[in-house]
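Everything below belongs to query07.txt, which stores compact mmCIF, C-alpha atoms and all ligand atoms.
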# COMPACT_ATOMS: atom_id res chain seq x y z
CA MET F 1 14.95 -8.89 19.70
CA ALA F 2 14.55 -8.69 15.92
CA THR F 3 13.15 -11.79 14.20
CA ALA F 4 15.84 -14.27 13.14
CA PRO F 5 16.69 -14.45 9.43
CA LEU F 6 14.53 -16.34 6.98
CA GLY F 7 16.47 -18.79 4.79
CA ILE F 8 15.44 -19.24 1.18
CA LEU F 9 16.34 -22.32 -0.82
CA GLY F 10 15.32 -22.19 -4.46
CA GLY F 11 15.84 -25.11 -6.79
CA THR F 12 14.34 -27.29 -9.43
CA PHE F 13 13.98 -30.15 -6.95
CA ASP F 14 13.65 -32.56 -9.86
CA PRO F 15 13.59 -34.52 -7.52
CA ILE F 16 14.42 -33.18 -4.03
CA HIS F 17 17.13 -35.27 -2.29
CA PHE F 18 19.23 -35.49 0.87
CA GLY F 19 21.80 -33.02 -0.53
CA HIS F 20 19.10 -30.30 -0.44
CA LEU F 21 17.75 -31.38 2.93
CA ARG F 22 21.14 -31.50 4.71
CA LEU F 23 22.05 -28.13 3.21
CA ALA F 24 18.85 -26.60 4.62
CA GLN F 25 19.14 -28.34 8.00
CA GLU F 26 22.80 -27.53 8.60
CA ILE F 27 22.58 -23.91 7.48
CA GLY F 28 19.35 -23.45 9.41
CA GLU F 29 21.04 -24.61 12.60
CA ALA F 30 24.48 -23.04 12.12
CA PHE F 31 23.05 -19.61 11.27
CA ARG F 32 20.13 -19.91 13.70
CA LEU F 33 17.60 -19.19 10.97
CA ASP F 34 13.97 -18.78 11.91
CA ARG F 35 12.91 -21.09 9.06
CA VAL F 36 14.15 -22.36 5.72
CA ARG F 37 11.66 -21.83 2.95
CA PHE F 38 11.87 -24.18 -0.04
CA ILE F 39 10.84 -22.41 -3.25
CA PRO F 40 10.62 -24.76 -6.26
CA ASN F 41 11.21 -23.06 -9.63
CA GLY F 42 8.44 -22.74 -12.13
CA VAL F 43 10.08 -22.13 -15.50
CA PRO F 44 13.77 -21.91 -14.55
CA PRO F 45 15.45 -19.17 -16.55
CA HIS F 46 18.99 -20.56 -16.24
CA ARG F 47 18.55 -24.17 -17.26
CA PRO F 48 16.49 -26.60 -19.38
CA ALA F 49 12.87 -27.24 -18.46
CA PRO F 50 12.37 -29.67 -15.56
CA TYR F 51 11.69 -33.34 -16.37
CA VAL F 52 8.45 -33.53 -14.39
CA SER F 53 5.62 -31.09 -13.79
CA ALA F 54 5.61 -28.40 -11.12
CA THR F 55 2.76 -30.28 -9.43
CA HIS F 56 4.92 -33.38 -8.99
CA ARG F 57 7.97 -31.38 -7.85
CA LEU F 58 5.87 -29.47 -5.30
CA GLU F 59 4.39 -32.69 -3.98
CA MET F 60 7.83 -34.29 -3.61
CA VAL F 61 9.09 -31.26 -1.65
CA ARG F 62 5.97 -31.40 0.51
CA LEU F 63 6.60 -35.08 1.31
CA ALA F 64 10.31 -34.52 1.95
CA ILE F 65 9.91 -31.67 4.44
CA ALA F 66 6.83 -33.01 6.26
CA GLY F 67 7.28 -33.03 10.01
CA ASN F 68 10.30 -30.71 10.11
CA PRO F 69 9.29 -27.51 11.93
CA LEU F 70 12.33 -25.68 10.53
CA PHE F 71 11.15 -26.13 6.95
CA GLU F 72 8.33 -24.63 4.91
CA LEU F 73 7.19 -24.67 1.29
CA ASP F 74 6.47 -21.60 -0.83
CA GLU F 75 4.61 -22.17 -4.09
CA ARG F 76 4.95 -18.66 -5.52
CA GLU F 77 7.41 -19.44 -8.33
CA VAL F 78 5.45 -22.33 -9.79
CA ARG F 79 2.29 -20.20 -9.70
CA ARG F 80 3.99 -17.37 -11.61
CA ALA F 81 3.41 -17.22 -15.36
CA GLY F 82 6.70 -16.87 -17.24
CA PRO F 83 10.27 -17.18 -15.98
CA ALA F 84 10.83 -17.52 -12.25
CA TYR F 85 13.48 -14.94 -11.44
CA THR F 86 15.02 -14.98 -7.97
CA PHE F 87 15.08 -11.18 -8.19
CA ASP F 88 11.26 -11.08 -8.35
CA THR F 89 10.90 -13.61 -5.54
CA LEU F 90 13.27 -11.78 -3.20
CA SER F 91 11.66 -8.43 -4.03
CA GLU F 92 8.23 -9.84 -3.15
CA LEU F 93 9.53 -11.34 0.09
CA ARG F 94 11.29 -8.10 1.01
CA ALA F 95 8.06 -6.14 0.38
CA ALA F 96 6.05 -8.61 2.47
CA LEU F 97 8.50 -8.98 5.37
CA GLY F 98 9.72 -5.40 5.63
CA ALA F 99 13.04 -3.64 5.10
CA ASP F 100 14.63 -4.82 8.35
CA ARG F 101 14.09 -8.57 8.30
CA PRO F 102 17.32 -10.44 7.50
CA LEU F 103 16.94 -12.74 4.49
CA ALA F 104 19.50 -15.40 3.58
CA LEU F 105 19.62 -16.92 0.11
CA LEU F 106 21.09 -20.43 0.41
CA LEU F 107 23.10 -21.77 -2.51
CA GLY F 108 25.34 -24.71 -3.24
CA ALA F 109 28.78 -23.80 -4.59
CA ASP F 110 27.85 -24.79 -8.17
CA ALA F 111 24.92 -22.38 -8.12
CA PHE F 112 27.02 -19.57 -6.64
CA LEU F 113 29.68 -19.94 -9.35
CA GLU F 114 26.91 -19.29 -11.92
CA PHE F 115 25.48 -16.40 -9.94
CA ALA F 116 26.75 -13.64 -12.25
CA THR F 117 24.56 -15.04 -15.05
CA TRP F 118 21.37 -14.52 -13.00
CA HIS F 119 18.87 -11.80 -13.86
CA ARG F 120 19.82 -8.57 -11.99
CA TRP F 121 22.29 -10.60 -9.91
CA HIS F 122 24.03 -7.54 -8.58
CA GLU F 123 20.82 -6.27 -7.02
CA LEU F 124 20.24 -9.57 -5.22
CA PHE F 125 22.88 -8.55 -2.66
CA GLY F 126 20.68 -5.58 -1.77
CA LEU F 127 17.80 -7.95 -1.02
CA ALA F 128 19.42 -10.81 0.92
CA HIS F 129 22.61 -12.22 2.36
CA VAL F 130 24.09 -15.08 0.36
CA VAL F 131 25.18 -18.27 2.15
CA VAL F 132 27.27 -20.60 -0.02
CA ALA F 133 27.49 -24.27 0.97
CA HIS F 134 30.36 -26.50 -0.10
CA ARG F 135 29.39 -29.15 -2.62
CA PRO F 136 31.45 -32.17 -3.76
CA GLY F 137 33.04 -31.45 -7.12
CA PHE F 138 33.40 -27.73 -6.34
CA PRO F 139 36.20 -27.49 -3.73
CA PRO F 140 36.56 -24.00 -2.23
CA GLY F 141 40.17 -23.74 -3.45
CA SER F 142 38.86 -23.86 -7.02
CA TRP F 143 36.23 -21.12 -6.55
CA PRO F 144 38.39 -18.03 -7.17
CA ALA F 145 39.54 -19.33 -10.56
CA ALA F 146 35.98 -20.39 -11.47
CA MET F 147 34.40 -17.05 -10.56
CA PRO F 148 34.16 -14.32 -13.17
CA GLN F 149 35.91 -11.11 -12.07
CA PRO F 150 32.77 -9.11 -11.18
CA LEU F 151 31.52 -11.91 -8.94
CA ALA F 152 34.96 -12.40 -7.35
CA ARG F 153 35.01 -8.69 -6.48
CA GLU F 154 31.60 -8.89 -4.79
CA TYR F 155 32.54 -12.10 -3.01
CA THR F 156 35.75 -10.64 -1.58
CA SER F 157 34.29 -7.34 -0.50
CA ARG F 158 31.14 -8.83 1.05
CA LEU F 159 32.66 -11.86 2.79
CA MET F 160 31.61 -12.10 6.45
CA LYS F 161 33.81 -14.30 8.64
CA GLN F 162 31.27 -14.60 11.44
CA PRO F 163 28.16 -16.64 10.46
CA LEU F 164 25.88 -14.93 12.96
CA ALA F 165 26.58 -11.60 11.23
CA VAL F 166 23.55 -12.51 9.08
CA HIS F 167 21.46 -11.47 12.09
CA LEU F 168 22.93 -7.98 12.24
CA SER F 169 21.75 -6.53 8.94
CA PRO F 170 18.95 -7.35 6.50
CA ALA F 171 21.11 -8.12 3.43
CA GLY F 172 24.41 -7.58 1.65
CA GLY F 173 26.84 -10.12 3.12
CA VAL F 174 28.29 -13.32 1.69
CA THR F 175 29.37 -16.23 3.83
CA THR F 176 30.33 -19.85 3.28
CA ILE F 177 29.84 -23.08 5.17
CA ALA F 178 31.22 -26.61 4.96
CA ILE F 179 28.30 -29.02 5.24
CA ALA F 180 28.18 -32.82 5.07
CA ALA F 181 29.72 -33.61 1.70
CA LEU F 182 26.97 -35.55 -0.05
CA ASP F 183 27.78 -36.32 -3.65
CA ILE F 184 24.12 -36.52 -4.61
CA SER F 185 22.48 -34.77 -7.53
CA ALA F 186 19.04 -34.89 -9.05
CA THR F 187 20.70 -35.69 -12.37
CA LYS F 188 22.22 -38.89 -10.95
CA ILE F 189 18.96 -39.90 -9.31
CA ARG F 190 17.02 -39.45 -12.57
CA GLU F 191 19.62 -41.58 -14.34
CA MET F 192 19.37 -44.34 -11.74
CA VAL F 193 15.57 -44.43 -11.93
CA ARG F 194 15.68 -44.49 -15.73
CA GLU F 195 18.16 -47.38 -15.65
CA ARG F 196 16.04 -49.18 -13.03
CA ARG F 197 18.78 -49.01 -10.40
CA SER F 198 17.77 -48.25 -6.83
CA ALA F 199 18.11 -44.63 -5.66
CA ARG F 200 17.31 -45.66 -2.10
CA TYR F 201 19.21 -43.80 0.66
CA LEU F 202 19.87 -40.83 -1.61
CA LEU F 203 16.47 -39.26 -0.99
CA PRO F 204 13.59 -39.79 1.46
CA ASP F 205 11.65 -43.05 1.05
CA ALA F 206 8.39 -41.11 0.76
CA VAL F 207 9.77 -39.27 -2.28
CA LEU F 208 11.05 -42.47 -3.85
CA ASP F 209 7.67 -44.13 -3.31
CA TYR F 210 5.99 -41.13 -4.96
CA ILE F 211 8.37 -41.42 -7.95
CA ASP F 212 7.56 -45.14 -8.28
CA ALA F 213 3.81 -44.70 -7.87
CA ASN F 214 3.69 -41.99 -10.52
CA ARG F 215 6.26 -43.64 -12.81
CA LEU F 216 8.38 -40.48 -12.91
CA TYR F 217 11.78 -40.33 -14.65
CA CYS F 218 11.24 -43.70 -16.34
CA SER F 219 11.97 -42.47 -19.81
CA GLY F 220 14.77 -40.16 -20.92
CA ASP F 221 12.51 -37.35 -22.17
P1 LIG H 1 20.39 -31.22 -11.14
O1 LIG H 1 21.27 -32.43 -10.95
O2 LIG H 1 19.10 -31.52 -11.86
O3 LIG H 1 21.15 -30.07 -11.75
P2 LIG H 1 20.63 -30.53 -8.31
O4 LIG H 1 20.79 -31.82 -7.62
O5 LIG H 1 21.88 -29.68 -8.52
O6 LIG H 1 19.89 -30.74 -9.69
P3 LIG H 1 18.93 -28.21 -7.77
O7 LIG H 1 17.48 -28.31 -7.55
O8 LIG H 1 19.42 -27.66 -9.04
O9 LIG H 1 19.53 -29.71 -7.52
O10 LIG H 1 19.66 -27.50 -6.54
C1 LIG H 1 19.07 -26.49 -5.74
C2 LIG H 1 20.15 -25.94 -4.82
O11 LIG H 1 20.67 -26.97 -3.97
C3 LIG H 1 21.37 -25.36 -5.56
O12 LIG H 1 21.80 -24.19 -4.87
C4 LIG H 1 22.41 -26.46 -5.45
O13 LIG H 1 23.72 -25.97 -5.49
C5 LIG H 1 22.09 -27.04 -4.09
N1 LIG H 1 22.47 -28.46 -3.98
C6 LIG H 1 21.90 -29.51 -4.64
N2 LIG H 1 22.48 -30.67 -4.30
C7 LIG H 1 23.44 -30.38 -3.40
C8 LIG H 1 24.42 -31.18 -2.69
N3 LIG H 1 24.49 -32.49 -2.85
N4 LIG H 1 25.27 -30.53 -1.84
C9 LIG H 1 25.18 -29.16 -1.69
N5 LIG H 1 24.29 -28.36 -2.33
C10 LIG H 1 23.44 -28.96 -3.19
Produce structure tokens that represent the structure in this file.
Ligand code: ATP
Amino acid sequence: MATAPLGILGGTFDPIHFGHLRLAQEIGEAFRLDRVRFIPNGVPPHRPAPYVSATHRLEMVRLAIAGNPLFELDEREVRRAGPAYTFDTLSELRAALGADRPLALLLGADAFLEFATWHRWHELFGLAHVVVAHRPGFPPGSWPAAMPQPLAREYTSRLMKQPLAVHLSPAGGVTTIAIAALDISATKIREMVRERRSARYLLPDAVLDYIDANRLYCSGD
């Protein structure tokens, strides 16, 4: 049998939290992915620079995923000089893994609604399937109105009703999944740390200890 799809979860992970980890775990299981690969951004092209260095963000992801055989870390984007485009990452992975291997790009709903602003976004469908996870604040009923027309057209024409269809072709489909609704964001966690409120139970203890030990997110800049 062909190898199961590889899941790809890009993000700033500034810091990584349980919203990211549940997304990866639930999609990994529901879609029977071989692995979910966490790929922290280097210089994110679509948003302001991260608050802490790539070294710290990598280390926090490493601590968060330790011991989970479904998860792995890929450092390629933080090692790349210049903007970290998903198009380049998926092209590299496609070249390395071959034309037939199914790839699944995992996104929260907020990220998918911005998808049409991404570099060469249209071509990303030729490189991977796209799996969109529900996220609090972005109810599925509101997606059609929030999607620009060109993205809505792709979404409608590529929608796969059967999750395991991601195993049947290397790329090109879009599918959605309701996951545990965790209203957690890195923005809120940074705010809590800055205001000296506890962010416990929103992210792994090991990550919180790392944040404390390195005095990350203490100041607003
Ligand atoms: P920030 O608050 O700094 O914008 P974030 O919490 O949204 O950060 P990112 O690193 O930007 O985290 O997210 C990476 C990916 O994980 C995106 O596709 C995003 O939609 C998804 N994601 C993050 N948090 C959640 C969550 N709580 N539920 C579902 N998806 C999430």
Which residues are near ligand LIG 1 (chain H) - at most 6 Å, using all atoms listed in the file? Format: as a compact mmCIF listing (two decimals) with C-alpha atoms, in the frame of the given file.
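Result file is pocket39.txt:
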# COMPACT_ATOMS: atom_id res chain seq x y z
CA GLY F 10 15.32 -22.19 -4.46
CA GLY F 11 15.84 -25.11 -6.79
CA THR F 12 14.34 -27.29 -9.43
CA PHE F 13 13.98 -30.15 -6.95
CA ASP F 14 13.65 -32.56 -9.86
CA GLY F 19 21.80 -33.02 -0.53
CA HIS F 20 19.10 -30.30 -0.44
CA LEU F 23 22.05 -28.13 3.21
CA LEU F 107 23.10 -21.77 -2.51
CA GLY F 108 25.34 -24.71 -3.24
CA ALA F 109 28.78 -23.80 -4.59
CA ASP F 110 27.85 -24.79 -8.17
CA ALA F 111 24.92 -22.38 -8.12
CA ARG F 135 29.39 -29.15 -2.62
CA LEU F 182 26.97 -35.55 -0.05
CA ASP F 183 27.78 -36.32 -3.65
CA ILE F 184 24.12 -36.52 -4.61
CA SER F 185 22.48 -34.77 -7.53
CA ALA F 186 19.04 -34.89 -9.05
CA THR F 187 20.70 -35.69 -12.37
**Report entry** Long-range neighbours of F:Asn68 as a list in words, 12 Å cut-off, all atoms listed in the file, 5 positions minimum in chain
**Finding:** Leu21, Ala24, Gln25, Gly28, Arg35, Val36, Arg37, Val61, Arg62, Leu63 and Leu73 of chain F
Give me the box for stretch 12-23 of chain F as lines of an AutoDock Vina configuration file, namely the centre and edge lengths in Å to one decimal of a box along x, y and z that holds every listed atom plus 6 Å on each side.
center_x = 17.8
center_y = -31.4
center_z = -2.6
size_x = 20.5
size_y = 20.2
size_z = 26.6
Query - Computed interatomic separation between atom CA of F:Phe138 and atom CA of F:Ala30 (Å) - result: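 Separating atom CA of F:Phe138 from atom CA of F:Ala30 is a distance of 21.0 Å.
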Requested in this report: Can you work out the spacing between atom CA of F:Tyr217 and atom CA of F:Ile16 in Å, to one decimal?
Outcome: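 That distance, rounded to one decimal, is 13.1 Å.
Picture a line from atom CA of F:Ala178 to atom CA of F:Phe18; it runs 15.5 Å.
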**Report entry** Best match for closeness to F:His167 among F:Arg196, F:Arg32, F:Arg76, F:His134, counting only C-alpha atoms
**Finding:** F:Arg32
Requested in this report: Choose the residue, out of F:Pro163, F:Asp100, F:Thr55, F:Trp121, that has the smallest atom-to-atom separation from F:Asn214; count all atoms listed in the file.
Outcome: F:Thr55
Query raised in the report: For F:Asp74, which residue among F:Gly98, F:Pro148, F:Gly42, F:Pro139 is the nearest when counting all atoms listed in the file?
Result: F:Gly42
Do you know which residues are at most 12 Å from F:Arg79 counting only C-alpha atoms, after dropping those on the same chain fewer than 5 positions away, and could you put them as a PDB file with C-alpha atoms, in the coordinates of the input?
ATOM      1  CA  ILE F  39      10.840 -22.410  -3.250  1.00  0.00           C
ATOM      2  CA  PRO F  40      10.620 -24.760  -6.260  1.00  0.00           C
ATOM      3  CA  ASN F  41      11.210 -23.060  -9.630  1.00  0.00           C
ATOM      4  CA  GLY F  42       8.440 -22.740 -12.130  1.00  0.00           C
ATOM      5  CA  VAL F  43      10.080 -22.130 -15.500  1.00  0.00           C
ATOM      6  CA  ALA F  54       5.610 -28.400 -11.120  1.00  0.00           C
ATOM      7  CA  THR F  55       2.760 -30.280  -9.430  1.00  0.00           C
ATOM      8  CA  LEU F  58       5.870 -29.470  -5.300  1.00  0.00           C
ATOM      9  CA  ASP F  74       6.470 -21.600  -0.830  1.00  0.00           C
ATOM     10  CA  ALA F  84      10.830 -17.520 -12.250  1.00  0.00           C
ATOM     11  CA  THR F  89      10.900 -13.610  -5.540  1.00  0.00           C
TER      12      THR F  89
END
Requested in this report: Write out as a list of chain:residue names which residues come within 12 Å of F:Asp209 when counting only C-alpha atoms, dropping same-chain ones fewer than 2 positions away.
Outcome: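 Residues near the query, excluding close chain neighbours: F:Glu59, F:Met60, F:Leu63, F:Ala64, F:Val193, F:Ser198, F:Ala199, F:Arg200, F:Leu203, F:Pro204, F:Asp205, F:Ala206, F:Val207, F:Ile211, F:Asp212, F:Ala213, F:Asn214, F:Arg215, F:Leu216.
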